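Data from final.txt: compact mmCIF, C-alpha atoms
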# COMPACT_ATOMS: atom_id res chain seq x y z
CA MET O 1 54.19 120.61 -102.62
CA THR O 2 56.88 118.14 -103.64
CA ALA O 3 56.60 116.19 -106.88
CA LEU O 4 56.22 113.03 -104.80
CA ALA O 5 53.34 114.53 -102.81
CA ARG O 6 51.73 115.54 -106.09
CA LEU O 7 52.10 112.00 -107.45
CA ILE O 8 50.47 110.58 -104.30
CA LEU O 9 47.68 113.16 -104.67
CA ASN O 10 47.13 112.15 -108.31
CA LEU O 11 47.04 108.47 -107.40
CA LYS O 12 44.57 109.22 -104.61
CA GLY O 13 42.42 110.91 -107.23
CA LEU O 14 41.78 107.47 -108.75
CA PRO O 15 38.50 106.17 -107.34
CA GLY O 16 39.03 103.35 -104.85
CA ILE O 17 42.64 104.28 -104.06
CA GLY O 18 43.16 105.61 -100.57
CA GLU O 19 46.11 107.32 -98.90
CA LYS O 20 47.90 104.08 -98.05
CA SER O 21 47.53 102.50 -101.49
CA ALA O 22 48.61 105.75 -103.15
CA GLN O 23 51.75 105.83 -101.01
CA ARG O 24 52.52 102.20 -101.73
CA ILE O 25 52.09 102.68 -105.49
CA ALA O 26 54.15 105.90 -105.45
CA ARG O 27 56.90 104.06 -103.63
CA CYS O 28 56.87 101.35 -106.29
CA ILE O 29 56.93 103.92 -109.08
CA LEU O 30 59.96 105.68 -107.60
CA ARG O 31 61.79 102.38 -107.52
CA LEU O 32 61.13 101.43 -111.15
CA ASP O 33 64.07 101.58 -113.51
CA SER O 34 63.73 104.16 -116.30
CA ASP O 35 62.61 101.67 -118.96
CA ASP O 36 59.82 100.32 -116.80
CA ALA O 37 58.72 103.81 -115.80
CA PHE O 38 58.58 104.87 -119.44
CA ALA O 39 56.69 101.70 -120.32
CA LEU O 40 54.17 102.48 -117.57
CA THR O 41 53.40 106.05 -118.65
CA GLU O 42 53.37 104.90 -122.29
CA ALA O 43 50.92 102.11 -121.41
CA ILE O 44 48.63 104.59 -119.66
CA VAL O 45 48.53 106.85 -122.71
CA GLN O 46 48.14 103.95 -125.17
CA ALA O 47 45.41 102.18 -123.19
CA ARG O 48 43.44 105.41 -122.96
CA THR O 49 43.89 106.19 -126.65
CA LEU O 50 43.16 102.76 -128.11
CA THR O 51 40.52 101.30 -125.81
CA ARG O 52 36.89 101.88 -126.68
CA THR O 53 33.59 100.11 -126.06
CA CYS O 54 32.06 97.46 -128.32
CA LYS O 55 29.11 99.04 -130.12
CA ARG O 56 27.09 95.85 -129.66
CA CYS O 57 27.61 94.86 -126.04
CA GLY O 58 29.69 97.58 -124.36
CA ASN O 59 32.70 95.32 -123.69
CA LEU O 60 36.16 96.91 -123.90
CA THR O 61 37.83 96.51 -127.28
CA GLU O 62 40.17 98.18 -129.74
CA ASP O 63 37.87 97.38 -132.68
CA GLU O 64 34.27 98.28 -133.49
CA VAL O 65 33.02 94.99 -132.15
CA CYS O 66 34.63 93.09 -129.26
CA SER O 67 36.25 89.65 -129.51
CA VAL O 68 33.24 87.97 -127.86
CA CYS O 69 30.70 89.51 -130.22
CA ALA O 70 32.97 88.78 -133.20
CA ASP O 71 33.29 85.11 -132.23
CA SER O 72 30.65 83.17 -134.16
CA ALA O 73 31.41 80.05 -132.10
CA ARG O 74 29.79 81.69 -129.04
CA MET O 75 26.16 80.87 -128.29
CA GLN O 76 24.31 83.68 -130.06
CA ASN O 77 21.08 83.14 -128.09
CA GLU O 78 22.34 83.81 -124.54
CA ILE O 79 23.12 87.22 -123.12
CA CYS O 80 24.86 87.65 -119.78
CA VAL O 81 24.13 91.09 -118.33
CA VAL O 82 26.90 92.70 -116.25
CA GLN O 83 27.33 96.06 -114.59
CA GLU O 84 30.84 96.85 -115.83
CA ALA O 85 32.91 95.84 -118.84
CA PHE O 86 35.61 94.61 -116.46
CA ASP O 87 33.16 92.04 -115.07
CA ILE O 88 33.31 90.26 -118.43
CA ALA O 89 36.99 89.39 -117.95
CA VAL O 90 36.14 87.93 -114.53
CA ILE O 91 33.40 85.71 -115.97
CA GLU O 92 35.54 84.72 -118.97
CA ARG O 93 38.27 83.51 -116.61
CA ALA O 94 35.79 81.12 -115.01
CA GLY O 95 35.49 79.55 -118.48
CA VAL O 96 31.94 78.21 -118.03
CA TYR O 97 29.93 80.75 -120.04
CA LYS O 98 29.93 80.58 -123.82
CA GLY O 99 27.27 83.13 -124.78
CA LEU O 100 27.26 86.89 -125.40
CA TYR O 101 27.39 89.79 -122.94
CA HIS O 102 25.69 93.07 -122.34
CA VAL O 103 27.24 95.84 -120.24
CA LEU O 104 24.80 98.09 -118.39
CA GLY O 105 27.48 100.58 -117.40
CA GLY O 106 26.60 100.60 -113.71
CA ALA O 107 23.79 99.74 -111.34
CA LEU O 108 20.70 101.57 -110.19
CA SER O 109 21.63 103.65 -107.17
CA PRO O 110 19.40 106.28 -105.60
CA LEU O 111 22.33 107.21 -103.34
CA GLU O 112 24.70 107.89 -106.23
CA ASP O 113 21.82 109.27 -108.26
CA ILE O 114 22.12 106.65 -111.01
CA SER O 115 18.73 106.10 -112.62
CA ALA O 116 17.61 103.59 -115.25
CA ASP O 117 18.12 106.17 -118.01
CA GLU O 118 21.84 106.17 -117.37
CA LEU O 119 22.19 102.41 -117.81
CA ASN O 120 22.19 100.77 -121.23
CA ILE O 121 18.92 98.90 -120.63
CA ALA O 122 17.35 100.16 -123.86
CA GLY O 123 20.17 98.52 -125.80
CA LEU O 124 19.52 95.22 -124.07
CA LEU O 125 15.77 95.35 -124.78
CA GLU O 126 16.55 96.12 -128.42
CA ARG O 127 18.88 93.12 -128.69
CA VAL O 128 16.22 90.90 -127.10
CA ARG O 129 13.50 92.31 -129.35
CA ALA O 130 15.67 91.71 -132.43
CA GLY O 131 14.96 88.04 -131.70
CA ASN O 132 17.03 84.87 -131.49
CA ILE O 133 17.71 85.34 -127.72
CA LYS O 134 16.62 82.41 -125.53
CA GLU O 135 18.00 83.40 -122.12
CA VAL O 136 19.18 86.55 -120.36
CA ILE O 137 21.41 85.82 -117.34
CA LEU O 138 21.52 88.69 -114.86
CA ALA O 139 25.08 88.75 -113.48
CA THR O 140 24.96 92.04 -111.62
CA SER O 141 26.67 92.20 -108.21
CA ALA O 142 25.13 90.70 -105.09
CA THR O 143 24.89 94.19 -103.55
CA THR O 144 21.68 96.12 -102.90
CA GLU O 145 22.30 98.10 -106.10
CA GLY O 146 23.07 94.96 -108.11
CA GLU O 147 19.98 93.14 -106.83
CA THR O 148 17.75 96.15 -107.48
CA THR O 149 19.15 96.45 -110.99
CA ALA O 150 18.59 92.72 -111.66
CA LEU O 151 14.98 92.99 -110.50
CA TYR O 152 14.45 96.13 -112.59
CA VAL O 153 15.92 94.58 -115.76
CA ALA O 154 13.91 91.39 -115.17
CA ALA O 155 10.73 93.48 -114.93
CA GLN O 156 11.61 95.24 -118.21
CA LEU O 157 12.04 91.85 -119.90
CA LYS O 158 8.68 90.58 -118.74
CA GLY O 159 6.54 89.52 -121.69
CA SER O 160 9.54 89.41 -124.03
CA GLY O 161 9.33 85.64 -124.11
CA VAL O 162 12.97 85.06 -123.10
CA ARG O 163 13.98 83.14 -120.02
CA VAL O 164 15.48 85.50 -117.41
CA SER O 165 17.82 84.06 -114.77
CA ARG O 166 19.95 85.40 -111.94
CA ILE O 167 23.40 84.02 -111.00
CA ALA O 168 23.42 82.15 -107.67
CA ARG O 169 24.27 83.91 -104.45
CA GLY O 170 25.97 81.69 -101.83
CA ILE O 171 29.08 80.93 -99.82
CA PRO O 172 32.18 81.89 -101.85
CA VAL O 173 34.36 78.86 -102.60
CA GLY O 174 37.10 78.64 -99.99
CA ALA O 175 35.19 80.71 -97.44
CA ASP O 176 34.67 79.69 -93.82
CA LEU O 177 30.98 79.18 -93.08
CA GLY O 178 31.47 80.58 -89.58
CA LEU O 179 32.73 83.86 -91.01
CA THR O 180 29.96 84.21 -93.62
CA ASP O 181 27.20 86.73 -92.99
CA GLU O 182 23.68 85.49 -92.34
CA VAL O 183 22.15 87.04 -95.45
CA THR O 184 24.57 85.08 -97.67
CA ILE O 185 23.90 81.92 -95.66
CA GLY O 186 20.16 82.48 -96.13
CA LYS O 187 20.66 82.83 -99.90
CA ALA O 188 22.94 79.78 -99.95
CA ILE O 189 20.39 77.63 -98.13
CA ARG O 190 17.45 78.76 -100.24
CA GLY O 191 19.51 78.24 -103.41
CA ARG O 192 20.84 74.85 -102.33
CA GLU O 193 21.56 72.12 -104.90
CA ILE O 194 20.26 68.58 -104.56
CA LEU O 195 23.19 66.17 -104.62
CA GLU O 196 23.19 62.83 -106.37
CA GLY O 197 22.71 59.88 -104.09
CA GLY O 198 20.22 61.65 -101.87
CA GLU O 199 16.48 61.61 -102.40
CA GLN O 200 15.71 63.66 -105.52
CA GLY O 201 12.85 65.69 -103.91
CA MET E 1 48.04 92.03 -126.72
CA THR E 2 45.65 94.96 -126.34
CA ALA E 3 46.87 98.29 -124.96
CA LEU E 4 44.67 97.68 -121.92
CA ALA E 5 46.22 94.26 -121.29
CA ARG E 6 49.64 95.88 -121.58
CA LEU E 7 48.66 98.56 -119.03
CA ILE E 8 47.46 95.88 -116.60
CA LEU E 9 50.75 94.01 -117.17
CA ASN E 10 52.76 97.15 -116.46
CA LEU E 11 50.79 97.84 -113.30
CA LYS E 12 51.29 94.24 -112.18
CA GLY E 13 55.02 94.83 -112.64
CA LEU E 14 54.89 97.18 -109.64
CA PRO E 15 55.89 95.18 -106.56
CA GLY E 16 52.95 94.49 -104.29
CA ILE E 17 50.32 94.98 -106.99
CA GLY E 18 48.54 91.79 -107.99
CA GLU E 19 46.20 90.98 -110.85
CA LYS E 20 43.08 92.33 -109.13
CA SER E 21 44.64 95.61 -108.02
CA ALA E 22 46.14 96.11 -111.48
CA GLN E 23 42.73 95.62 -113.07
CA ARG E 24 41.08 97.97 -110.62
CA ILE E 25 43.70 100.68 -111.20
CA ALA E 26 43.55 100.21 -114.99
CA ARG E 27 39.78 100.60 -114.85
CA CYS E 28 40.18 103.84 -112.88
CA ILE E 29 42.78 105.11 -115.36
CA LEU E 30 40.51 104.46 -118.33
CA ARG E 31 37.78 106.47 -116.65
CA LEU E 32 39.89 109.54 -115.92
CA ASP E 33 39.19 112.64 -117.96
CA SER E 34 42.07 113.75 -120.19
CA ASP E 35 43.34 116.45 -117.84
CA ASP E 36 43.57 114.07 -114.90
CA ALA E 37 45.24 111.40 -117.04
CA PHE E 38 47.82 113.91 -118.25
CA ALA E 39 48.36 115.12 -114.66
CA LEU E 40 48.94 111.51 -113.58
CA THR E 41 51.57 110.67 -116.20
CA GLU E 42 53.18 114.09 -115.64
CA ALA E 43 53.26 113.45 -111.88
CA ILE E 44 54.96 110.07 -112.43
CA VAL E 45 57.68 111.64 -114.56
CA GLN E 46 58.14 114.63 -112.25
CA ALA E 47 58.26 112.60 -109.04
CA ARG E 48 60.87 110.31 -110.56
CA THR E 49 62.93 113.20 -111.88
CA LEU E 50 62.86 115.45 -108.82
CA THR E 51 62.84 113.07 -105.88
CA ARG E 52 66.16 112.01 -104.41
CA THR E 53 67.41 110.84 -101.03
CA CYS E 54 68.69 113.10 -98.28
CA LYS E 55 72.46 112.71 -98.13
CA ARG E 56 72.35 112.75 -94.32
CA CYS E 57 69.52 110.40 -93.41
CA GLY E 58 68.20 108.83 -96.61
CA ASN E 59 64.74 110.44 -96.37
CA LEU E 60 63.06 111.41 -99.65
CA THR E 61 63.62 115.03 -100.62
CA GLU E 62 64.02 117.36 -103.58
CA ASP E 63 66.97 119.12 -101.94
CA GLU E 64 70.38 117.94 -100.78
CA VAL E 65 69.15 117.61 -97.22
CA CYS E 66 65.58 116.68 -96.27
CA SER E 67 63.16 118.92 -94.38
CA VAL E 68 63.66 116.98 -91.14
CA CYS E 69 67.46 117.23 -91.23
CA ALA E 70 67.21 120.91 -92.24
CA ASP E 71 64.92 121.73 -89.30
CA SER E 72 67.10 122.98 -86.44
CA ALA E 73 64.11 122.85 -84.09
CA ARG E 74 64.20 119.02 -84.20
CA MET E 75 66.05 117.21 -81.41
CA GLN E 76 69.54 116.77 -82.86
CA ASN E 77 70.50 114.04 -80.39
CA GLU E 78 67.88 111.40 -81.23
CA ILE E 79 67.92 109.19 -84.32
CA CYS E 80 64.96 107.02 -85.26
CA VAL E 81 66.09 104.16 -87.50
CA VAL E 82 63.59 102.98 -90.13
CA GLN E 83 63.72 100.44 -92.95
CA GLU E 84 62.25 102.62 -95.69
CA ALA E 85 62.06 106.35 -96.38
CA PHE E 86 58.27 106.03 -96.61
CA ASP E 87 58.18 104.89 -92.97
CA ILE E 88 59.24 108.41 -91.97
CA ALA E 89 55.98 109.89 -93.28
CA VAL E 90 54.06 107.33 -91.21
CA ILE E 91 55.92 108.25 -88.01
CA GLU E 92 55.66 111.97 -88.75
CA ARG E 93 51.89 111.66 -89.02
CA ALA E 94 51.77 110.28 -85.47
CA GLY E 95 53.28 113.62 -84.42
CA VAL E 96 55.03 112.31 -81.28
CA TYR E 97 58.63 112.12 -82.48
CA LYS E 98 60.70 115.27 -82.77
CA GLY E 99 64.20 113.93 -83.48
CA LEU E 100 66.10 112.91 -86.62
CA TYR E 101 65.82 109.80 -88.80
CA HIS E 102 68.05 107.27 -90.46
CA VAL E 103 66.90 105.12 -93.36
CA LEU E 104 68.51 101.68 -93.63
CA GLY E 105 67.06 101.00 -97.06
CA GLY E 106 65.60 97.60 -96.16
CA ALA E 107 65.91 94.85 -93.61
CA LEU E 108 68.22 91.87 -93.25
CA SER E 109 66.69 88.97 -95.14
CA PRO E 110 68.46 85.70 -95.88
CA LEU E 111 65.46 84.72 -98.03
CA GLU E 112 65.67 87.80 -100.23
CA ASP E 113 69.46 87.70 -99.97
CA ILE E 114 69.73 91.13 -98.30
CA SER E 115 72.84 91.25 -96.13
CA ALA E 116 74.10 93.92 -93.76
CA ASP E 117 76.37 95.38 -96.47
CA GLU E 118 73.35 96.40 -98.49
CA LEU E 119 71.82 98.41 -95.65
CA ASN E 120 73.07 101.86 -94.71
CA ILE E 121 74.31 100.76 -91.28
CA ALA E 122 77.78 102.25 -91.80
CA GLY E 123 76.18 105.67 -92.26
CA LEU E 124 74.32 105.28 -88.97
CA LEU E 125 77.46 104.26 -87.06
CA GLU E 126 79.26 107.25 -88.54
CA ARG E 127 76.51 109.62 -87.42
CA VAL E 128 76.61 108.12 -83.93
CA ARG E 129 80.41 108.25 -83.83
CA ALA E 130 80.34 111.91 -84.89
CA GLY E 131 78.94 112.47 -81.41
CA ASN E 132 76.05 114.41 -79.92
CA ILE E 133 73.63 111.45 -80.26
CA LYS E 134 71.94 110.37 -77.02
CA GLU E 135 69.45 107.78 -78.21
CA VAL E 136 68.91 105.57 -81.24
CA ILE E 137 65.31 104.32 -81.54
CA LEU E 138 65.00 101.20 -83.69
CA ALA E 139 61.71 101.52 -85.57
CA THR E 140 62.08 98.62 -87.99
CA SER E 141 59.00 96.50 -88.69
CA ALA E 142 57.72 93.90 -86.22
CA THR E 143 58.44 91.17 -88.79
CA THR E 144 61.16 88.53 -88.48
CA GLU E 145 63.35 90.61 -90.82
CA GLY E 146 62.66 93.82 -88.92
CA GLU E 147 63.39 92.22 -85.55
CA THR E 148 66.60 90.63 -86.83
CA THR E 149 67.71 93.95 -88.27
CA ALA E 150 66.96 95.75 -85.00
CA LEU E 151 69.00 93.20 -83.04
CA TYR E 152 71.84 93.43 -85.56
CA VAL E 153 71.95 97.25 -85.48
CA ALA E 154 71.74 97.21 -81.67
CA ALA E 155 74.75 94.85 -81.57
CA GLN E 156 76.68 97.20 -83.88
CA LEU E 157 75.94 100.11 -81.55
CA LYS E 158 77.16 98.27 -78.46
CA GLY E 159 79.91 100.22 -76.74
CA SER E 160 79.06 103.42 -78.61
CA GLY E 161 77.71 104.92 -75.41
CA VAL E 162 74.30 105.80 -76.87
CA ARG E 163 71.03 104.48 -75.52
CA VAL E 164 69.46 102.03 -77.97
CA SER E 165 65.71 101.43 -77.80
CA ARG E 166 63.13 99.48 -79.78
CA ILE E 167 59.56 100.68 -80.46
CA ALA E 168 56.90 98.74 -78.55
CA ARG E 169 55.20 95.73 -80.09
CA GLY E 170 51.62 95.19 -78.90
CA ILE E 171 47.93 95.15 -79.74
CA PRO E 172 47.25 97.70 -82.49
CA VAL E 173 44.89 100.43 -81.33
CA GLY E 174 41.35 99.51 -82.33
CA ALA E 175 42.15 95.81 -82.66
CA ASP E 176 40.09 93.03 -81.11
CA LEU E 177 42.12 91.10 -78.53
CA GLY E 178 40.38 87.90 -79.52
CA LEU E 179 41.61 88.27 -83.10
CA THR E 180 45.20 89.12 -82.17
CA ASP E 181 47.87 86.44 -82.64
CA GLU E 182 49.53 84.97 -79.56
CA VAL E 183 53.03 86.28 -80.35
CA THR E 184 51.71 89.85 -80.38
CA ILE E 185 49.78 89.21 -77.16
CA GLY E 186 52.96 87.84 -75.59
CA LYS E 187 54.86 90.99 -76.59
CA ALA E 188 52.00 93.18 -75.38
CA ILE E 189 51.93 91.52 -71.96
CA ARG E 190 55.68 91.60 -71.49
CA GLY E 191 55.78 95.23 -72.61
CA ARG E 192 52.83 96.25 -70.42
CA GLU E 193 52.63 99.73 -68.87
CA ILE E 194 51.92 100.31 -65.21
CA LEU E 195 48.85 102.54 -64.87
CA GLU E 196 48.48 105.29 -62.32
CA GLY E 197 46.31 104.39 -59.35
CA GLY E 198 47.62 100.84 -59.21
CA GLU E 199 50.62 99.77 -57.18
CA GLN E 200 53.77 101.21 -58.80
CA GLY E 201 55.77 97.96 -58.76

Just give me the structure as structure tokens.
Amino acid sequence: MTALARLILNLKGLPGIGEKSAQRIARCILRLDSDDAFALTEAIVQARTLTRTCKRCGNLTEDEVCSVCADSARMQNEICVVQEAFDIAVIERAGVYKGLYHVLGGALSPLEDISADELNIAGLLERVRAGNIKEVILATSATTEGETTALYVAAQLKGSGVRVSRIARGIPVGADLGLTDEVTIGKAIRGREILEGGEQG
Amino acid sequence: MTALARLILNLKGLPGIGEKSAQRIARCILRLDSDDAFALTEAIVQARTLTRTCKRCGNLTEDEVCSVCADSARMQNEICVVQEAFDIAVIERAGVYKGLYHVLGGALSPLEDISADELNIAGLLERVRAGNIKEVILATSATTEGETTALYVAAQLKGSGVRVSRIARGIPVGADLGLTDEVTIGKAIRGREILEGGEQG
């Protein structure tokens, strides 16, 4: 096997990267100048060495506690529950949420054999039990696994006295209604907002 | 900047990899076990060190001459002209072409300021002039740049006595006709094949 074939094979070993992506990335890597190539391998090693998970919420950090948890200006009584640490960056970019996070580390999946024990639900319950939490926002994905997980976590929080909410499912901004699947349209209609100017129901 | 942010930045530096892909790949890299991570960085270094271009056709190889050029069983009188060395692997996978290749190293592009001097057209003309070539198949992309390059190379080969052909443009196999653009449909209709059983024109 050539070194190039081995590189493509290694790239394909990354989950979610298929043959075509691996080839495209390998092609890019071959074209890098030496400095950039060194910077890339260095960055891989450094990121893996320095990155760890926040002991409070599971976010990615280089310290004991992540920048969100360490920020006393954030609302300390709201927890947004996400499947993966990377989801936090996505929500932060939207810039509308100012509370804390909690990373489950996945979603319930009978198919992939991921049960509730493997998710950090106990940690969430503990944080809620410790008091001071007013609302838990379930921001798991709008997939079967994400929905199941949201329902499961909501059930676990029953009786805890906190408000439990689920992010809205609907037509993605910029999407063509005609190309949207009927389940999403159903969710979008049931979750519709009343607009000002109309009758306020 | 965190080491993770730096890794994402380095990945985004690879042409064709945007913010989302970079994040997805970084996430995969963080999840690798140590052996796989080491294998990946090792593979990057090795592929860059060992891979070079075939001095005859420009294909990627670890030797002076690539495996296609070194294979005397291949048709020595056909040259398939491609933009990039990686295109050769794509054509080889189709398994229908048994001749030689020639890599131009890009396509003519006024926008990206790539002129004919930067493509290995001289090398192709030399190979054709050296004799023994019966057909040159122009397998550049079906983009404006690819088409322009094919026309340009064809013009350069005029009077050389070799047959010059262009790969067919048409509906991709598996594609929905209703979702195919009209330029492709135009090409597909003009390039139609007569089927057996019908009148043979």

Next item on the list: Would you kindly report the residues of chain E within 7 Å of chain O, using only C-alpha atoms, as a PyMOL selection string?
Entry: chain E and resi 3-4+6-7+10+14-15+28+30+40-41+43-44+46-48+50-51

Check: Can you tell me how far CA of His102 (chain O) sits from CA of Asp117 (chain O), in Å to one decimal?
Finding: 15.7 Å

Next item on the list: For Arg127 (chain O), work out the shell of residues within 12 Å, counting only C-alpha atoms and skipping chain neighbours fewer than 3 positions away, then give it as a PyMOL selection string.
Entry: chain O and resi 55-57+76-79+81+100-102+120-124+130-136+157+160+162

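Interatomic distance, CA of Tyr152 (chain E) against CA of Val103 (chain E): 14.9 Å.
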
Notebook entry, point to check: Which is closest to Cys66 (chain E) among E:Leu119, E:Val82, E:Ile185, E:Ile88, if we use all atoms listed in the file?
Noted result: E:Ile88

Notebook entry, point to check: For Ala116 (chain O), which residue out of O:Ile91, O:Gly174, O:Ala139, O:Glu145 is the nearest one, using all atoms listed in the file?
Noted result: O:Glu145

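Going from CA of Arg166 (chain O) over to CA of Leu138 (chain O), you cover 4.7 Å.
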
Next item on the list: Tell me which protein, DNA and RNA residues are within 10 Å of Ala155 (chain E), counting all atoms listed in the file, leaving out same-chain ones fewer than 5 positions away, and put them as a list in words.
Entry: Thr149, Ala150 and Val164 of chain E

Please return region 46-59 of chain E, rebuilt to N, CA and C atoms, as a PDB file, in the frame of the given file.
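Below is the file part_21.pdb, written as the result:
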ATOM      1  N   GLN E  46      57.588 113.602-113.119  1.00  0.00           N
ATOM      2  CA  GLN E  46      58.140 114.630-112.250  1.00  0.00           C
ATOM      3  C   GLN E  46      58.660 114.035-110.939  1.00  0.00           C
ATOM      4  N   ALA E  47      57.854 113.170-110.330  1.00  0.00           N
ATOM      5  CA  ALA E  47      58.260 112.600-109.040  1.00  0.00           C
ATOM      6  C   ALA E  47      59.557 111.816-109.203  1.00  0.00           C
ATOM      7  N   ARG E  48      59.656 111.103-110.337  1.00  0.00           N
ATOM      8  CA  ARG E  48      60.870 110.310-110.560  1.00  0.00           C
ATOM      9  C   ARG E  48      62.072 111.190-110.864  1.00  0.00           C
ATOM     10  N   THR E  49      61.828 112.317-111.503  1.00  0.00           N
ATOM     11  CA  THR E  49      62.930 113.200-111.880  1.00  0.00           C
ATOM     12  C   THR E  49      63.433 113.999-110.676  1.00  0.00           C
ATOM     13  N   LEU E  50      62.488 114.488-109.869  1.00  0.00           N
ATOM     14  CA  LEU E  50      62.860 115.450-108.820  1.00  0.00           C
ATOM     15  C   LEU E  50      63.205 114.822-107.468  1.00  0.00           C
ATOM     16  N   THR E  51      62.642 113.630-107.208  1.00  0.00           N
ATOM     17  CA  THR E  51      62.840 113.070-105.880  1.00  0.00           C
ATOM     18  C   THR E  51      64.202 112.401-105.749  1.00  0.00           C
ATOM     19  N   ARG E  52      64.915 112.731-104.678  1.00  0.00           N
ATOM     20  CA  ARG E  52      66.160 112.010-104.410  1.00  0.00           C
ATOM     21  C   ARG E  52      66.250 111.756-102.903  1.00  0.00           C
ATOM     22  N   THR E  53      67.326 111.166-102.457  1.00  0.00           N
ATOM     23  CA  THR E  53      67.410 110.840-101.030  1.00  0.00           C
ATOM     24  C   THR E  53      68.322 111.832-100.323  1.00  0.00           C
ATOM     25  N   CYS E  54      67.928 112.182 -99.129  1.00  0.00           N
ATOM     26  CA  CYS E  54      68.690 113.100 -98.280  1.00  0.00           C
ATOM     27  C   CYS E  54      70.066 112.502 -98.032  1.00  0.00           C
ATOM     28  N   LYS E  55      71.110 113.277 -98.253  1.00  0.00           N
ATOM     29  CA  LYS E  55      72.460 112.710 -98.130  1.00  0.00           C
ATOM     30  C   LYS E  55      72.834 112.455 -96.665  1.00  0.00           C
ATOM     31  N   ARG E  56      72.057 113.022 -95.732  1.00  0.00           N
ATOM     32  CA  ARG E  56      72.350 112.750 -94.320  1.00  0.00           C
ATOM     33  C   ARG E  56      71.619 111.510 -93.822  1.00  0.00           C
ATOM     34  N   CYS E  57      70.299 111.456 -94.061  1.00  0.00           N
ATOM     35  CA  CYS E  57      69.520 110.400 -93.410  1.00  0.00           C
ATOM     36  C   CYS E  57      68.860 109.414 -94.368  1.00  0.00           C
ATOM     37  N   GLY E  58      68.814 109.758 -95.664  1.00  0.00           N
ATOM     38  CA  GLY E  58      68.200 108.830 -96.610  1.00  0.00           C
ATOM     39  C   GLY E  58      66.705 109.057 -96.826  1.00  0.00           C
ATOM     40  N   ASN E  59      66.148 110.069 -96.166  1.00  0.00           N
ATOM     41  CA  ASN E  59      64.740 110.440 -96.370  1.00  0.00           C
ATOM     42  C   ASN E  59      64.552 110.932 -97.809  1.00  0.00           C
TER      43      ASN E  59
END
